[in-house]
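Trainee: Handing you this structure, nothing more for now.
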Amino acid sequence: FAFNVDDVVGHIVNPVLSFPDDEEQDGPEGCLSIPGVYVDTKRRQNVVARGFDQHGESIQLVGAGLMARCVQHETDHLDGVLFLDRLDPVRRLARDRQAGE
């Protein structure tokens with residue numbers, strides 16, 4: 001996937017994520033696949049992504065905050081997961097009620 005977060009532009013192929021700690025963030029997340037839907041979503045605060053560049057060379061991306069959220073979100077897409085799949089039951093119910101209005 002390609003990314004452009006806080007003026008850091010790049011891409012990573014076949015990322016494998018690890019998390020250096022258990023710290024979490026909780027904030028609004030949306031997706032171009034689901035326009036206009038934004039729901040507070042829990043993600044890890046810090047991430048290390050290991051993968052490859054366009055030449056097949058190994059790379060590592062270390063991210064925190066918004067970059068960590070982006071890396072987790074986009075890696076989920078590669079695994080067939082949408083951010084809505086990450087919602088806890090209370091947030092899923094609130095989202096469903098909002099969608100029914």
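Just remember, in the structure tokens the first chain shown is A, the second B, etc., residues are 1-based per chain, and ligands are 1-based in the order shown.
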Write out as a list in words the set of residues from chain A that DSSP, computed on the backbone, places in helix (DSSP H, G or I).
Mentor: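 These are the residues in question: Leu66, Met67, Ala68, Arg69, Cys70, Val71, Gln72, His73, Glu74, Thr75, Asp76, His77, Leu78, Phe83, Leu84, Asp85, Arg86, Pro89, Val90, Arg91, Arg92, Leu93, Ala94, Arg95, Asp96, Arg97, Gln98 and Ala99 of chain A.
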Trainee: Residues as selected, N, CA and C atoms, written as a PDB file, in the first residue's frame, can you do that?
Mentor:
```
ATOM      1  N   LEU A  66      -0.963   8.790  14.155  1.00  0.00           N
ATOM      2  CA  LEU A  66      -1.672   8.692  12.878  1.00  0.00           C
ATOM      3  C   LEU A  66      -0.986   7.723  11.912  1.00  0.00           C
ATOM      4  N   MET A  67       0.338   7.726  11.880  1.00  0.00           N
ATOM      5  CA  MET A  67       1.048   6.784  10.999  1.00  0.00           C
ATOM      6  C   MET A  67       0.764   5.345  11.423  1.00  0.00           C
ATOM      7  N   ALA A  68       0.762   5.081  12.720  1.00  0.00           N
ATOM      8  CA  ALA A  68       0.457   3.729  13.197  1.00  0.00           C
ATOM      9  C   ALA A  68      -0.963   3.334  12.811  1.00  0.00           C
ATOM     10  N   ARG A  69      -1.907   4.267  12.942  1.00  0.00           N
ATOM     11  CA  ARG A  69      -3.296   3.993  12.555  1.00  0.00           C
ATOM     12  C   ARG A  69      -3.370   3.675  11.060  1.00  0.00           C
ATOM     13  N   CYS A  70      -2.709   4.469  10.242  1.00  0.00           N
ATOM     14  CA  CYS A  70      -2.707   4.254   8.791  1.00  0.00           C
ATOM     15  C   CYS A  70      -2.144   2.880   8.432  1.00  0.00           C
ATOM     16  N   VAL A  71      -1.000   2.540   9.006  1.00  0.00           N
ATOM     17  CA  VAL A  71      -0.361   1.262   8.688  1.00  0.00           C
ATOM     18  C   VAL A  71      -1.263   0.092   9.078  1.00  0.00           C
ATOM     19  N   GLN A  72      -1.882   0.170  10.252  1.00  0.00           N
ATOM     20  CA  GLN A  72      -2.778  -0.903  10.675  1.00  0.00           C
ATOM     21  C   GLN A  72      -4.020  -0.978   9.787  1.00  0.00           C
ATOM     22  N   HIS A  73      -4.584   0.182   9.447  1.00  0.00           N
ATOM     23  CA  HIS A  73      -5.784   0.248   8.611  1.00  0.00           C
ATOM     24  C   HIS A  73      -5.510  -0.365   7.235  1.00  0.00           C
ATOM     25  N   GLU A  74      -4.425   0.053   6.607  1.00  0.00           N
ATOM     26  CA  GLU A  74      -4.120  -0.420   5.251  1.00  0.00           C
ATOM     27  C   GLU A  74      -3.703  -1.891   5.245  1.00  0.00           C
ATOM     28  N   THR A  75      -2.983  -2.319   6.267  1.00  0.00           N
ATOM     29  CA  THR A  75      -2.626  -3.739   6.351  1.00  0.00           C
ATOM     30  C   THR A  75      -3.880  -4.584   6.544  1.00  0.00           C
ATOM     31  N   ASP A  76      -4.834  -4.074   7.324  1.00  0.00           N
ATOM     32  CA  ASP A  76      -6.114  -4.770   7.447  1.00  0.00           C
ATOM     33  C   ASP A  76      -6.765  -4.977   6.083  1.00  0.00           C
ATOM     34  N   HIS A  77      -6.750  -3.942   5.234  1.00  0.00           N
ATOM     35  CA  HIS A  77      -7.332  -4.086   3.894  1.00  0.00           C
ATOM     36  C   HIS A  77      -6.683  -5.243   3.145  1.00  0.00           C
ATOM     37  N   LEU A  78      -5.366  -5.354   3.241  1.00  0.00           N
ATOM     38  CA  LEU A  78      -4.665  -6.441   2.548  1.00  0.00           C
ATOM     39  C   LEU A  78      -5.111  -7.808   3.066  1.00  0.00           C
ATOM     40  N   PHE A  83     -12.204  -1.439   8.845  1.00  0.00           N
ATOM     41  CA  PHE A  83     -12.117  -0.903  10.199  1.00  0.00           C
ATOM     42  C   PHE A  83     -13.395  -1.158  10.993  1.00  0.00           C
ATOM     43  N   LEU A  84     -14.537  -1.254  10.329  1.00  0.00           N
ATOM     44  CA  LEU A  84     -15.788  -1.540  11.025  1.00  0.00           C
ATOM     45  C   LEU A  84     -15.763  -2.918  11.682  1.00  0.00           C
ATOM     46  N   ASP A  85     -14.980  -3.838  11.127  1.00  0.00           N
ATOM     47  CA  ASP A  85     -14.837  -5.166  11.716  1.00  0.00           C
ATOM     48  C   ASP A  85     -14.102  -5.110  13.049  1.00  0.00           C
ATOM     49  N   ARG A  86     -13.402  -4.021  13.315  1.00  0.00           N
ATOM     50  CA  ARG A  86     -12.618  -3.858  14.541  1.00  0.00           C
ATOM     51  C   ARG A  86     -13.425  -3.247  15.687  1.00  0.00           C
ATOM     52  N   PRO A  89     -18.636  -4.351  20.439  1.00  0.00           N
ATOM     53  CA  PRO A  89     -20.092  -4.496  20.272  1.00  0.00           C
ATOM     54  C   PRO A  89     -20.888  -3.220  20.542  1.00  0.00           C
ATOM     55  N   VAL A  90     -20.481  -2.430  21.528  1.00  0.00           N
ATOM     56  CA  VAL A  90     -21.213  -1.196  21.839  1.00  0.00           C
ATOM     57  C   VAL A  90     -21.112  -0.213  20.677  1.00  0.00           C
ATOM     58  N   ARG A  91     -19.920  -0.036  20.134  1.00  0.00           N
ATOM     59  CA  ARG A  91     -19.750   0.891  19.005  1.00  0.00           C
ATOM     60  C   ARG A  91     -20.428   0.356  17.746  1.00  0.00           C
ATOM     61  N   ARG A  92     -20.426  -0.943  17.565  1.00  0.00           N
ATOM     62  CA  ARG A  92     -21.096  -1.523  16.395  1.00  0.00           C
ATOM     63  C   ARG A  92     -22.595  -1.259  16.474  1.00  0.00           C
ATOM     64  N   LEU A  93     -23.182  -1.411  17.649  1.00  0.00           N
ATOM     65  CA  LEU A  93     -24.609  -1.152  17.837  1.00  0.00           C
ATOM     66  C   LEU A  93     -24.923   0.325  17.600  1.00  0.00           C
ATOM     67  N   ALA A  94     -24.099   1.217  18.120  1.00  0.00           N
ATOM     68  CA  ALA A  94     -24.312   2.659  17.916  1.00  0.00           C
ATOM     69  C   ALA A  94     -24.212   3.008  16.437  1.00  0.00           C
ATOM     70  N   ARG A  95     -23.258   2.426  15.745  1.00  0.00           N
ATOM     71  CA  ARG A  95     -23.114   2.672  14.307  1.00  0.00           C
ATOM     72  C   ARG A  95     -24.327   2.164  13.552  1.00  0.00           C
ATOM     73  N   ASP A  96     -24.818   0.982  13.909  1.00  0.00           N
ATOM     74  CA  ASP A  96     -25.986   0.406  13.247  1.00  0.00           C
ATOM     75  C   ASP A  96     -27.225   1.260  13.482  1.00  0.00           C
ATOM     76  N   ARG A  97     -27.374   1.790  14.694  1.00  0.00           N
ATOM     77  CA  ARG A  97     -28.516   2.652  14.982  1.00  0.00           C
ATOM     78  C   ARG A  97     -28.426   3.934  14.190  1.00  0.00           C
ATOM     79  N   GLN A  98     -27.224   4.501  14.076  1.00  0.00           N
ATOM     80  CA  GLN A  98     -27.022   5.730  13.315  1.00  0.00           C
ATOM     81  C   GLN A  98     -27.329   5.491  11.829  1.00  0.00           C
ATOM     82  N   ALA A  99     -26.934   4.350  11.326  1.00  0.00           N
ATOM     83  CA  ALA A  99     -27.167   4.029   9.906  1.00  0.00           C
ATOM     84  C   ALA A  99     -28.656   3.843   9.619  1.00  0.00           C
TER      85      ALA A  99
END
```
Trainee: When DSSP works through the backbone of this structure, what residues of chain A end up as strand (DSSP E), shown as a PyMOL selection string?
Mentor: chain A and resi 2-5+8-11+13-18+24-31+34-44+46-52+58-64
Trainee: Determine the nearest neighbour of Val62 of chain A from the options A:Pro28, A:Leu87, A:Thr41, A:Ser18, counting only C-alpha atoms.
Mentor: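 Comparing A:Pro28, A:Leu87, A:Thr41, A:Ser18 against Val62 of chain A, the winner is A:Ser18.
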Trainee: In Å, how far is it from atom CA of Phe52 of chain A to atom CA of Leu17 of chain A?
Mentor: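 We find that atom CA of Phe52 of chain A and atom CA of Leu17 of chain A lie 12.6 Å from each other.
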